[in-house]
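Below is the file input_13.tsv, which contains TSV, C-alpha atoms.
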```tsv
chain	number	residue	atom	x	y	z
U	1	MET	CA	4.34	-7.06	-28.74
U	2	LEU	CA	1.00	-8.69	-27.88
U	3	ILE	CA	-2.32	-7.49	-29.17
U	4	THR	CA	-4.34	-6.86	-26.01
U	5	LYS	CA	-7.96	-7.90	-26.57
U	6	ILE	CA	-10.95	-6.45	-24.73
U	7	TYR	CA	-13.36	-9.24	-23.76
U	8	LYS	CA	-17.03	-8.61	-23.04
U	9	THR	CA	-18.42	-10.40	-20.01
U	10	GLU	CA	-20.16	-12.95	-22.25
U	11	GLU	CA	-16.77	-13.84	-23.79
U	12	ILE	CA	-15.08	-15.07	-20.62
U	13	ASP	CA	-14.74	-18.59	-22.02
U	14	LYS	CA	-12.17	-17.16	-24.46
U	15	ALA	CA	-10.39	-15.33	-21.65
U	16	ALA	CA	-10.34	-18.51	-19.54
U	17	ASP	CA	-8.78	-20.39	-22.46
U	18	GLU	CA	-5.98	-17.80	-22.57
U	19	LEU	CA	-5.37	-18.28	-18.83
U	20	ARG	CA	-5.10	-22.05	-19.30
U	21	LYS	CA	-2.49	-21.41	-22.03
U	22	GLY	CA	-0.37	-19.40	-19.59
U	23	GLU	CA	-1.37	-15.96	-20.85
U	24	LEU	CA	-2.14	-12.92	-18.68
U	25	ILE	CA	-5.73	-11.66	-18.44
U	26	ALA	CA	-6.89	-8.60	-16.47
U	27	PHE	CA	-10.15	-9.17	-14.62
U	28	PRO	CA	-12.75	-7.06	-12.79
U	29	THR	CA	-13.51	-7.11	-9.08
U	30	GLU	CA	-15.53	-4.86	-6.81
U	31	THR	CA	-12.29	-3.24	-5.53
U	32	VAL	CA	-9.91	-2.68	-8.48
U	33	TYR	CA	-9.05	-4.55	-11.67
U	34	GLY	CA	-6.62	-7.43	-11.12
U	35	LEU	CA	-3.97	-8.96	-13.36
U	36	GLY	CA	-4.65	-12.67	-13.65
U	37	ALA	CA	-2.40	-15.62	-14.39
U	38	ASP	CA	-2.71	-19.30	-13.54
U	39	ALA	CA	-1.42	-19.41	-9.95
U	40	THR	CA	-0.18	-22.98	-10.49
U	41	ASN	CA	1.91	-22.04	-13.55
U	42	GLU	CA	5.20	-20.60	-12.28
U	43	GLN	CA	6.27	-19.19	-15.64
U	44	ALA	CA	2.94	-17.41	-16.09
U	45	VAL	CA	3.21	-15.95	-12.58
U	46	LYS	CA	6.72	-14.67	-13.28
U	47	ARG	CA	5.37	-12.89	-16.36
U	48	VAL	CA	3.00	-10.94	-14.08
U	49	TYR	CA	6.00	-9.41	-12.31
U	50	LEU	CA	7.55	-8.53	-15.67
U	51	ALA	CA	4.36	-7.03	-17.09
U	52	LYS	CA	3.86	-4.83	-14.02
U	53	GLY	CA	7.52	-4.09	-13.31
U	54	ARG	CA	6.83	-5.44	-9.82
U	55	PRO	CA	9.58	-6.42	-7.31
U	56	SER	CA	9.75	-10.22	-7.01
U	57	ASP	CA	9.65	-10.22	-3.19
U	58	ASN	CA	6.23	-8.54	-3.20
U	59	PRO	CA	3.83	-11.48	-2.73
U	60	LEU	CA	0.72	-11.96	-4.85
U	61	ILE	CA	-2.87	-12.54	-3.75
U	62	VAL	CA	-4.38	-15.83	-4.90
U	63	THR	CA	-7.90	-15.22	-6.22
U	64	VAL	CA	-10.31	-18.15	-5.87
U	65	SER	CA	-13.89	-18.86	-6.86
U	66	SER	CA	-14.80	-21.02	-3.86
U	67	PHE	CA	-13.81	-22.05	-0.34
U	68	GLU	CA	-13.12	-25.56	-1.67
U	69	MET	CA	-10.59	-24.20	-4.17
U	70	MET	CA	-8.65	-22.49	-1.38
U	71	LYS	CA	-8.61	-25.71	0.68
U	72	ARG	CA	-6.36	-27.31	-1.95
U	73	TYR	CA	-3.57	-25.14	-0.61
U	74	VAL	CA	-4.45	-24.52	3.06
U	75	ASP	CA	-4.64	-27.22	5.75
U	76	ASP	CA	-5.40	-25.38	8.95
U	77	ILE	CA	-8.44	-23.12	8.64
U	78	SER	CA	-9.42	-22.04	12.14
U	79	GLU	CA	-12.94	-21.56	13.42
U	80	ASP	CA	-12.36	-17.79	13.39
U	81	ALA	CA	-11.22	-17.92	9.76
U	82	GLN	CA	-14.28	-19.95	8.80
U	83	LYS	CA	-16.52	-17.35	10.47
U	84	LEU	CA	-14.85	-14.58	8.47
U	85	ILE	CA	-15.15	-16.50	5.20
U	86	HIS	CA	-18.81	-17.31	5.82
U	87	HIS	CA	-19.61	-13.66	6.62
U	88	PHE	CA	-17.38	-11.67	4.24
U	89	TRP	CA	-16.83	-13.91	1.19
U	90	PRO	CA	-17.33	-13.17	-1.59
U	91	GLY	CA	-16.12	-9.70	-0.73
U	92	SER	CA	-13.32	-7.24	-0.02
U	93	LEU	CA	-11.43	-9.30	2.57
U	94	THR	CA	-8.14	-11.07	1.84
U	95	LEU	CA	-6.95	-13.68	4.33
U	96	ILE	CA	-3.36	-14.86	4.83
U	97	PHE	CA	-2.82	-18.50	5.80
U	98	LYS	CA	0.09	-20.90	6.18
U	99	ILE	CA	0.00	-23.10	3.10
U	100	LYS	CA	0.73	-26.77	2.46
U	101	PRO	CA	4.49	-27.15	1.81
U	102	GLY	CA	5.25	-26.85	-1.89
U	103	SER	CA	1.63	-26.27	-2.87
U	104	LEU	CA	2.33	-22.87	-4.43
U	105	SER	CA	5.41	-21.52	-6.18
U	106	LYS	CA	7.72	-19.09	-4.38
U	107	ALA	CA	6.92	-16.75	-7.27
U	108	VAL	CA	3.42	-16.49	-5.76
U	109	THR	CA	4.39	-16.32	-2.08
U	110	GLY	CA	7.50	-14.13	-2.34
U	111	GLY	CA	9.42	-17.03	-0.78
U	112	LEU	CA	7.23	-17.13	2.35
U	113	GLU	CA	5.40	-20.13	3.83
U	114	THR	CA	2.15	-18.17	3.74
U	115	ALA	CA	-0.15	-16.97	0.97
U	116	ALA	CA	-3.02	-14.50	0.74
U	117	PHE	CA	-6.42	-15.62	-0.61
U	118	ARG	CA	-9.51	-13.72	-1.73
U	119	MET	CA	-12.87	-14.50	-3.31
U	120	PRO	CA	-14.03	-11.29	-5.05
U	121	ASP	CA	-17.60	-10.06	-5.06
U	122	ASN	CA	-17.79	-10.21	-8.84
U	123	SER	CA	-19.62	-13.11	-10.43
U	124	VAL	CA	-17.93	-12.59	-13.82
U	125	THR	CA	-14.50	-13.19	-12.33
U	126	ARG	CA	-15.65	-16.13	-10.22
U	127	ASP	CA	-17.08	-17.68	-13.41
U	128	LEU	CA	-13.82	-16.93	-15.22
U	129	ILE	CA	-11.86	-18.82	-12.53
U	130	ASP	CA	-14.29	-21.73	-12.64
U	131	LEU	CA	-13.92	-21.96	-16.42
U	132	ALA	CA	-10.12	-21.81	-16.18
U	133	GLY	CA	-10.22	-24.51	-13.49
U	134	VAL	CA	-7.39	-22.95	-11.48
U	135	PRO	CA	-6.94	-20.11	-9.00
U	136	ILE	CA	-5.39	-16.98	-10.45
U	137	VAL	CA	-2.96	-14.52	-8.98
U	138	GLY	CA	-4.53	-11.10	-8.65
U	139	PRO	CA	-2.33	-8.06	-8.13
U	140	SER	CA	-3.74	-4.76	-9.38
U	141	ALA	CA	-3.59	-4.54	-13.18
U	142	ASN	CA	-1.37	-1.48	-13.43
U	143	SER	CA	2.27	-0.56	-13.82
U	144	SER	CA	3.88	-1.09	-10.44
U	145	GLY	CA	3.78	2.03	-8.28
U	146	LYS	CA	1.06	3.76	-10.31
U	147	PRO	CA	-2.54	4.37	-9.16
U	148	SER	CA	-4.60	1.19	-9.21
U	149	PRO	CA	-7.02	0.72	-12.14
U	150	THR	CA	-10.76	1.01	-11.58
U	151	THR	CA	-11.79	0.68	-15.24
U	152	ALA	CA	-10.68	-1.48	-18.18
U	153	LYS	CA	-9.49	1.73	-19.86
U	154	HIS	CA	-7.00	2.30	-17.01
U	155	VAL	CA	-5.65	-1.23	-17.49
U	156	PHE	CA	-5.32	-0.78	-21.24
U	157	HIS	CA	-3.41	2.47	-20.74
U	158	ASP	CA	-0.78	0.77	-18.55
U	159	LEU	CA	-0.54	-2.75	-19.95
U	160	GLU	CA	-1.46	-2.62	-23.64
U	161	GLY	CA	0.89	-4.92	-25.52
U	162	ARG	CA	2.07	-6.63	-22.35
U	163	ILE	CA	-0.97	-8.84	-21.64
U	164	ALA	CA	-3.28	-10.98	-23.76
U	165	GLY	CA	-6.57	-9.42	-22.73
U	166	ILE	CA	-8.87	-7.54	-20.37
U	167	VAL	CA	-12.35	-8.61	-19.25
U	168	ASP	CA	-14.38	-5.39	-19.17
U	169	ASP	CA	-17.17	-5.30	-16.56
U	170	GLY	CA	-17.37	-1.52	-16.22
U	171	PRO	CA	-16.10	0.65	-13.33
U	172	THR	CA	-15.42	-0.98	-9.98
U	173	THR	CA	-17.83	-0.22	-7.13
U	174	VAL	CA	-15.51	-0.01	-4.09
U	175	GLY	CA	-12.43	1.58	-5.63
U	176	VAL	CA	-9.77	0.68	-3.04
U	177	GLU	CA	-8.10	-2.69	-2.63
U	178	SER	CA	-9.31	-5.31	-0.16
U	179	THR	CA	-8.59	-5.39	3.54
U	180	ILE	CA	-5.75	-7.86	4.21
U	181	LEU	CA	-5.99	-9.83	7.45
U	182	ASP	CA	-3.14	-12.08	8.56
U	183	MET	CA	-4.59	-15.30	9.99
U	184	SER	CA	-1.22	-17.06	10.12
U	185	SER	CA	-0.18	-15.33	13.35
U	186	GLU	CA	-1.40	-16.00	16.89
U	187	VAL	CA	-3.47	-12.81	16.93
U	188	PRO	CA	-5.10	-11.80	13.60
U	189	ALA	CA	-3.58	-8.58	12.24
U	190	ILE	CA	-4.74	-6.16	9.57
U	191	LEU	CA	-1.80	-5.55	7.23
U	192	ARG	CA	-3.71	-3.31	4.84
U	193	PRO	CA	-6.97	-1.45	5.55
U	194	GLY	CA	-9.84	-1.67	3.09
U	195	ALA	CA	-13.62	-1.62	2.85
U	196	VAL	CA	-14.02	-4.38	5.43
U	197	LEU	CA	-13.37	-2.53	8.68
U	198	GLY	CA	-11.33	-3.78	11.60
U	199	GLU	CA	-14.23	-2.98	13.89
U	200	GLU	CA	-16.50	-5.27	11.82
U	201	ILE	CA	-13.98	-8.09	12.13
U	202	GLU	CA	-13.61	-7.59	15.88
U	203	HIS	CA	-17.38	-7.55	16.35
U	204	LEU	CA	-17.79	-10.78	14.39
U	205	LEU	CA	-14.98	-12.60	16.20
U	206	GLY	CA	-15.74	-11.13	19.61
U	207	LYS	CA	-12.06	-10.34	20.21
U	208	LYS	CA	-9.46	-7.68	19.57
U	209	ILE	CA	-7.22	-7.84	16.51
U	210	LEU	CA	-3.98	-6.05	15.73
U	211	PHE	CA	-3.51	-3.21	13.28
U	212	ASP	CA	0.01	-3.70	11.86
U	213	ARG	CA	1.28	-0.34	10.62
U	214	HIS	CA	5.03	-1.02	10.71
U	215	LYS	CA	7.15	-0.14	7.70
U	216	VAL	CA	8.82	-3.16	6.13
U	217	GLY	CA	12.60	-2.86	6.01
U	218	LYS	CA	14.74	-3.22	2.90
U	219	ALA	CA	15.86	-6.74	3.81
U	220	GLU	CA	12.40	-7.87	4.94
U	221	THR	CA	9.91	-9.68	2.71
U	222	PRO	CA	6.42	-8.22	3.16
U	223	LYS	CA	3.60	-10.63	4.00
U	224	ALA	CA	1.14	-8.65	1.92
U	225	PRO	CA	1.13	-6.28	-1.07
U	226	GLY	CA	1.48	-2.57	-0.40
U	227	MET	CA	3.60	-2.82	2.75
U	228	LYS	CA	7.06	-2.08	1.39
U	229	TYR	CA	7.22	-0.24	-1.92
U	230	LYS	CA	5.95	3.11	-3.12
U	231	HIS	CA	2.41	2.77	-4.40
U	232	TYR	CA	-0.40	4.63	-6.17
U	233	ALA	CA	1.79	7.54	-7.28
U	234	PRO	CA	0.86	9.70	-10.31
U	235	ASP	CA	3.48	11.72	-12.18
U	236	ALA	CA	2.46	14.93	-10.38
U	237	GLN	CA	3.37	15.61	-6.76
U	238	VAL	CA	0.34	15.01	-4.54
U	239	LEU	CA	-0.22	17.22	-1.50
U	240	ILE	CA	-2.82	16.16	1.06
U	241	VAL	CA	-5.02	19.04	2.20
U	242	LYS	CA	-6.80	19.04	5.55
U	243	HIS	CA	-10.28	20.56	5.61
U	244	GLU	CA	-9.18	23.71	7.45
U	245	ASP	CA	-6.29	24.32	5.01
U	246	TRP	CA	-8.24	24.54	1.74
U	247	GLN	CA	-8.37	28.33	1.56
U	248	ALA	CA	-4.62	28.64	2.08
U	249	ALA	CA	-3.95	25.80	-0.37
U	250	LEU	CA	-6.00	27.44	-3.10
U	251	GLU	CA	-4.33	30.81	-2.48
U	252	TRP	CA	-0.99	29.01	-2.93
U	253	ALA	CA	-2.24	27.30	-6.11
U	254	LYS	CA	-3.44	30.64	-7.55
U	255	LYS	CA	0.14	31.92	-7.48
U	256	ARG	CA	1.50	28.99	-9.49
U	257	ALA	CA	2.38	29.57	-13.13
U	258	GLU	CA	1.20	26.09	-14.11
U	259	HIS	CA	-2.08	24.21	-13.77
U	260	VAL	CA	-2.83	22.59	-10.41
U	261	GLY	CA	-5.14	19.61	-9.95
U	262	VAL	CA	-7.73	19.69	-7.16
U	263	MET	CA	-9.44	16.55	-5.86
U	264	ALA	CA	-12.12	17.25	-3.28
U	265	LEU	CA	-15.79	17.24	-2.37
U	266	LYS	CA	-17.42	20.33	-3.87
U	267	ALA	CA	-19.14	21.10	-0.59
U	268	ASP	CA	-15.82	21.17	1.27
U	269	LEU	CA	-14.12	23.83	-0.82
U	270	GLY	CA	-16.47	26.69	-0.02
U	271	VAL	CA	-14.72	29.04	-2.45
U	272	ASN	CA	-14.42	29.48	-6.20
U	273	LEU	CA	-11.45	27.74	-7.74
U	274	PRO	CA	-8.65	29.84	-9.24
U	275	ASN	CA	-8.60	29.83	-13.05
U	276	ASN	CA	-5.44	27.71	-13.19
U	277	CYS	CA	-6.97	24.91	-11.08
U	278	VAL	CA	-8.46	21.79	-12.68
U	279	PHE	CA	-11.16	20.18	-10.54
U	280	TYR	CA	-11.87	16.47	-10.10
U	281	ASP	CA	-15.01	15.85	-8.06
U	282	LEU	CA	-14.71	13.22	-5.32
U	283	GLY	CA	-18.47	13.24	-4.85
U	284	THR	CA	-20.44	13.65	-1.67
U	285	ASP	CA	-18.75	11.61	1.09
U	286	ILE	CA	-15.97	9.19	1.98
U	287	HIS	CA	-17.68	6.37	0.06
U	288	THR	CA	-17.69	8.22	-3.26
U	289	ALA	CA	-14.24	9.66	-2.53
U	290	SER	CA	-12.79	6.16	-2.03
U	291	ARG	CA	-14.44	4.92	-5.20
U	292	ARG	CA	-13.09	7.87	-7.24
U	293	LEU	CA	-9.64	8.32	-5.67
U	294	PHE	CA	-7.61	6.24	-8.12
U	295	ALA	CA	-9.66	7.43	-11.11
U	296	GLY	CA	-8.89	11.02	-10.11
U	297	LEU	CA	-5.16	10.41	-9.79
U	298	ARG	CA	-5.22	8.72	-13.19
U	299	TYR	CA	-7.20	11.60	-14.70
U	300	PHE	CA	-4.30	13.94	-13.89
U	301	ASP	CA	-1.80	11.40	-15.24
U	302	ASN	CA	-3.53	10.42	-18.47
U	303	GLU	CA	-5.91	13.22	-19.50
U	304	GLN	CA	-5.07	16.53	-17.80
U	305	ALA	CA	-1.38	16.90	-17.08
U	306	VAL	CA	-0.50	18.94	-13.97
U	307	ASN	CA	2.59	19.29	-11.80
U	308	TRP	CA	0.74	19.38	-8.49
U	309	ILE	CA	-2.40	17.70	-7.15
U	310	LEU	CA	-4.16	18.99	-4.05
U	311	ALA	CA	-6.18	16.10	-2.61
U	312	ALA	CA	-8.67	16.17	0.24
U	313	ALA	CA	-7.85	14.51	3.54
U	314	PHE	CA	-10.49	12.59	5.53
U	315	PRO	CA	-10.58	11.47	9.16
U	316	GLU	CA	-8.59	8.23	9.43
U	317	LYS	CA	-11.40	6.06	10.77
U	318	ASP	CA	-13.70	3.48	9.18
U	319	LEU	CA	-13.42	3.67	5.37
U	320	GLY	CA	-11.36	6.86	5.80
U	321	ALA	CA	-8.50	4.70	7.08
U	322	ALA	CA	-8.34	2.84	3.75
U	323	TYR	CA	-8.68	6.06	1.73
U	324	MET	CA	-5.92	7.82	3.69
U	325	ASN	CA	-3.66	4.75	3.55
U	326	ARG	CA	-3.69	4.97	-0.27
U	327	LEU	CA	-3.56	8.77	-0.42
U	328	ARG	CA	-0.61	8.97	2.00
U	329	LYS	CA	1.33	6.52	-0.17
U	330	SER	CA	0.49	8.35	-3.39
U	331	ALA	CA	1.67	11.62	-1.81
U	332	GLY	CA	4.73	10.19	-0.11
U	333	ASP	CA	3.01	11.33	3.11
U	334	SER	CA	3.27	14.98	2.01
U	335	PHE	CA	0.63	17.35	3.43
U	336	PHE	CA	0.00	20.91	2.30
U	337	GLU	CA	1.74	23.21	4.75
U	338	ASN	CA	1.69	26.80	3.57
U	339	SER	CA	4.77	27.79	5.55
U	340	LYS	CA	6.96	25.21	3.76
U	341	LEU	CA	5.87	25.88	0.17
U	342	SER	CA	7.19	28.73	-1.96
```
Rewrite the coordinates I just gave you, this time as structure tokens.
Amino acid sequence: MLITKIYKTEEIDKAADELRKGELIAFPTETVYGLGADATNEQAVKRVYLAKGRPSDNPLIVTVSSFEMMKRYVDDISEDAQKLIHHFWPGSLTLIFKIKPGSLSKAVTGGLETAAFRMPDNSVTRDLIDLAGVPIVGPSANSSGKPSPTTAKHVFHDLEGRIAGIVDDGPTTVGVESTILDMSSEVPAILRPGAVLGEEIEHLLGKKILFDRHKVGKAETPKAPGMKYKHYAPDAQVLIVKHEDWQAALEWAKKRAEHVGVMALKADLGVNLPNNCVFYDLGTDIHTASRRLFAGLRYFDNEQAVNWILAAAFPEKDLGAAYMNRLRKSAGDSFFENSKLS
């Protein structure tokens, strides 16, 4: 069993040395914490799947520190792609490209001829990559299927003893994973919504893009993380509560013999919580709710055990689309419906 070290931001040279040796290092971004390994070291990459318990056909994002680093692996970068990179990088946009044959291991690509690339808006991690001298794979630094980590403490809870270290740069600022845009197809398609909105991309490019919401089949390899397998799920059953259903949901919760978690904006509840309800405040709006979503789910996993979590729904537009994408997956698409619950 490894001793998992916590590195301060001024100690990233030590963390970079571990990456060069083939070890696994969790790193901060503006979205969630990622689990890093040298993307050019196939054995190190395979250890990421083992550490997370992640299916091997679920491709990994390649995290880079510069446009030039990405160009080592990608030949054809269209004018549209260059516009997106110039405008949104560093930032919460992941781009999928066809890669040079044999330039990255199938362990990174899931056996596909494409790979996803991102430059995070976190200078500590970009410096870490520069010091390591190689791109790093960057799936979320959690046990596969669990809520993504937004603090170093979350990472330590899931991966202590499985990875060499964690670079701690405090809580993340966005809280949901990056938007994934497929640039390898004729028409760009969003495969996963995030903080960079489809409308922003369309406005910049001056053209319509696709919003791919199909469910990947059992025999199909997903082009991007989060398209095929169950994600973001705490131990408790999550029920999504629409704004107009809160009173009924809390009446239902009041009748339960056990504690019930409640994740919502205080202003939206409008009533006092029953004594058996444990409240986690999502803040004031969709921006704070997105930032706190995973932390709230983890709170009810790690600190305040409950059997049920009632979580606030938001309109599925703009950032609400990313929030609801994650919440639907954590709940198994289960909404509170009073008539169907005993």
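You will find atom CA of Ile240 of chain U at 25.0 Å from atom CA of Pro171 of chain U.
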Atomic distance atom CA of Thr288 of chain U - atom CA of Thr94 of chain U, expressed in Å with one decimal:
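Interatomic distance here is 22.1 Å.
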At a cut-off of 8 Å from (1.1, 15.3, 1.8) in the coordinates of the file, what residues are picked up using all atoms listed in the file, written as a list in words?
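Within 8 Å of (1.1, 15.3, 1.8), the protein and nucleic acid residues are Val238, Leu239, Ile240, Val241, Arg328, Ala331, Gly332, Asp333, Ser334, Phe335 and Phe336 of chain U.
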Which polymer residues have any atom within 7 Å of an atom of Ala44 of chain U, counting all atoms listed in the file, with same-chain residues fewer than 4 positions away left out, as a list in words?
Gly22, Glu23, Ala37, Asp38 and Val48 of chain U
Find the spatial neighbours of Leu50 of chain U, counting all atoms listed in the file, within a cut-off of 12 Å - ignore same-chain residues fewer than 4 positions away - and output them as a ChimeraX atom specification.
/U:24,35,43-46,54-56,107,142-144,159,162-163
For atom CA of Gly320 of chain U and atom CA of Ile286 of chain U, quote the distance in Å rounded to one decimal.
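Separation of atom CA of Gly320 of chain U and atom CA of Ile286 of chain U: 6.4 Å.
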Residue with the minimum atom-to-atom distance to Leu341 of chain U, picked from U:Glu251, U:Asp121, U:Asp158, U:Asp318 with only C-alpha atoms counted, is U:Glu251
Fewer than 3 positions away in the same chain doesn't count, so skip those; otherwise give me all residues within 7 Å of Leu60 of chain U, counting all atoms listed in the file, as a PyMOL selection string.
chain U and resi 108-109+137-139+225
Env of segment 263-272 of chain U: 6 Å cut, atoms = all atoms listed in the file, seq-sep filter 4 positions within chain, self excluded. Answer as a list in words.
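Near segment 263-272 of chain U, the qualifying residues are Tyr280, Asp281, Leu282, Gly283, Thr284, Ala311 and Ala312 of chain U.
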Resulting file, chosen residues, C-alpha atoms, as a compact mmCIF listing (two decimals), keeping the file's coordinate frame:
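again.txt written:
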```
# COMPACT_ATOMS: atom_id res chain seq x y z
CA TYR U 280 -11.87 16.47 -10.10
CA ASP U 281 -15.01 15.85 -8.06
CA LEU U 282 -14.71 13.22 -5.32
CA GLY U 283 -18.47 13.24 -4.85
CA THR U 284 -20.44 13.65 -1.67
CA ALA U 311 -6.18 16.10 -2.61
CA ALA U 312 -8.67 16.17 0.24
```
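Among the candidates U:Lys153, U:Lys146, U:Lys71, U:His87, the residue lying nearest to Ile6 of chain U is U:Lys153 (atoms considered: all atoms listed in the file).
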Measuring between only C-alpha atoms, which one of U:Leu205, U:Ser148, U:Thr173, U:Leu210 shows the shortest distance to Ala189 of chain U?
U:Leu210
Spatial neighbours of Gly91 of chain U, 12 Å, all atoms listed in the file, chain gap at least 4 places, as JSON, numbers by chain
{"U": [29, 30, 31, 63, 64, 65, 66, 84, 85, 86, 87, 95, 117, 118, 119, 120, 121, 122, 123, 126, 173, 174, 177, 178, 179, 180, 194, 195, 196]}
Could you pull segment 164-183 of chain U out of the block above and give me N, CA and C atoms, as a CSV table (one decimal), in the first residue's frame?
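Okay, decode.csv is ready:
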```csv
chain,number,residue,atom,x,y,z
U,164,ALA,N,0.4,8.0,-5.5
U,164,ALA,CA,1.6,8.5,-4.8
U,164,ALA,C,1.4,9.8,-4.1
U,165,GLY,N,0.5,10.7,-4.7
U,165,GLY,CA,0.4,12.0,-4.1
U,165,GLY,C,-0.8,12.8,-4.6
U,166,ILE,N,-1.1,13.9,-4.0
U,166,ILE,CA,-2.1,14.9,-4.4
U,166,ILE,C,-1.5,16.3,-4.2
U,167,VAL,N,-1.6,17.1,-5.3
U,167,VAL,CA,-1.3,18.5,-5.2
U,167,VAL,C,-2.5,19.3,-4.8
U,168,ASP,N,-2.4,19.9,-3.6
U,168,ASP,CA,-3.6,20.6,-3.0
U,168,ASP,C,-3.5,22.1,-3.3
U,169,ASP,N,-4.5,22.5,-4.1
U,169,ASP,CA,-4.6,23.9,-4.5
U,169,ASP,C,-6.0,24.5,-4.0
U,170,GLY,N,-6.6,23.8,-3.0
U,170,GLY,CA,-7.8,24.3,-2.4
U,170,GLY,C,-9.0,23.8,-3.3
U,171,PRO,N,-10.2,24.3,-2.9
U,171,PRO,CA,-11.4,23.9,-3.6
U,171,PRO,C,-11.4,24.4,-5.1
U,172,THR,N,-12.0,23.6,-6.0
U,172,THR,CA,-12.2,24.0,-7.3
U,172,THR,C,-13.2,25.2,-7.4
U,173,THR,N,-13.1,25.9,-8.5
U,173,THR,CA,-14.0,27.1,-8.7
U,173,THR,C,-15.2,26.9,-9.6
U,174,VAL,N,-15.2,25.9,-10.4
U,174,VAL,CA,-16.3,25.6,-11.3
U,174,VAL,C,-17.2,24.5,-10.8
U,175,GLY,N,-16.5,23.4,-10.5
U,175,GLY,CA,-17.2,22.3,-9.8
U,175,GLY,C,-17.9,21.2,-10.6
U,176,VAL,N,-18.0,21.4,-11.9
U,176,VAL,CA,-18.5,20.4,-12.8
U,176,VAL,C,-17.4,20.2,-13.9
U,177,GLU,N,-17.3,19.0,-14.5
U,177,GLU,CA,-16.3,18.8,-15.5
U,177,GLU,C,-16.5,19.6,-16.7
U,178,SER,N,-15.4,19.6,-17.5
U,178,SER,CA,-15.4,20.5,-18.7
U,178,SER,C,-16.4,20.0,-19.8
U,179,THR,N,-16.8,21.0,-20.6
U,179,THR,CA,-17.5,20.7,-21.8
U,179,THR,C,-16.7,19.9,-22.8
U,180,ILE,N,-17.2,18.8,-23.3
U,180,ILE,CA,-16.4,18.0,-24.3
U,180,ILE,C,-17.1,18.3,-25.7
U,181,LEU,N,-16.2,18.7,-26.6
U,181,LEU,CA,-16.7,19.0,-28.0
U,181,LEU,C,-15.9,18.2,-29.0
U,182,ASP,N,-16.6,17.4,-29.7
U,182,ASP,CA,-16.0,16.5,-30.7
U,182,ASP,C,-15.7,17.3,-32.0
U,183,MET,N,-14.4,17.5,-32.3
U,183,MET,CA,-14.0,18.2,-33.5
U,183,MET,C,-13.5,17.2,-34.6
```
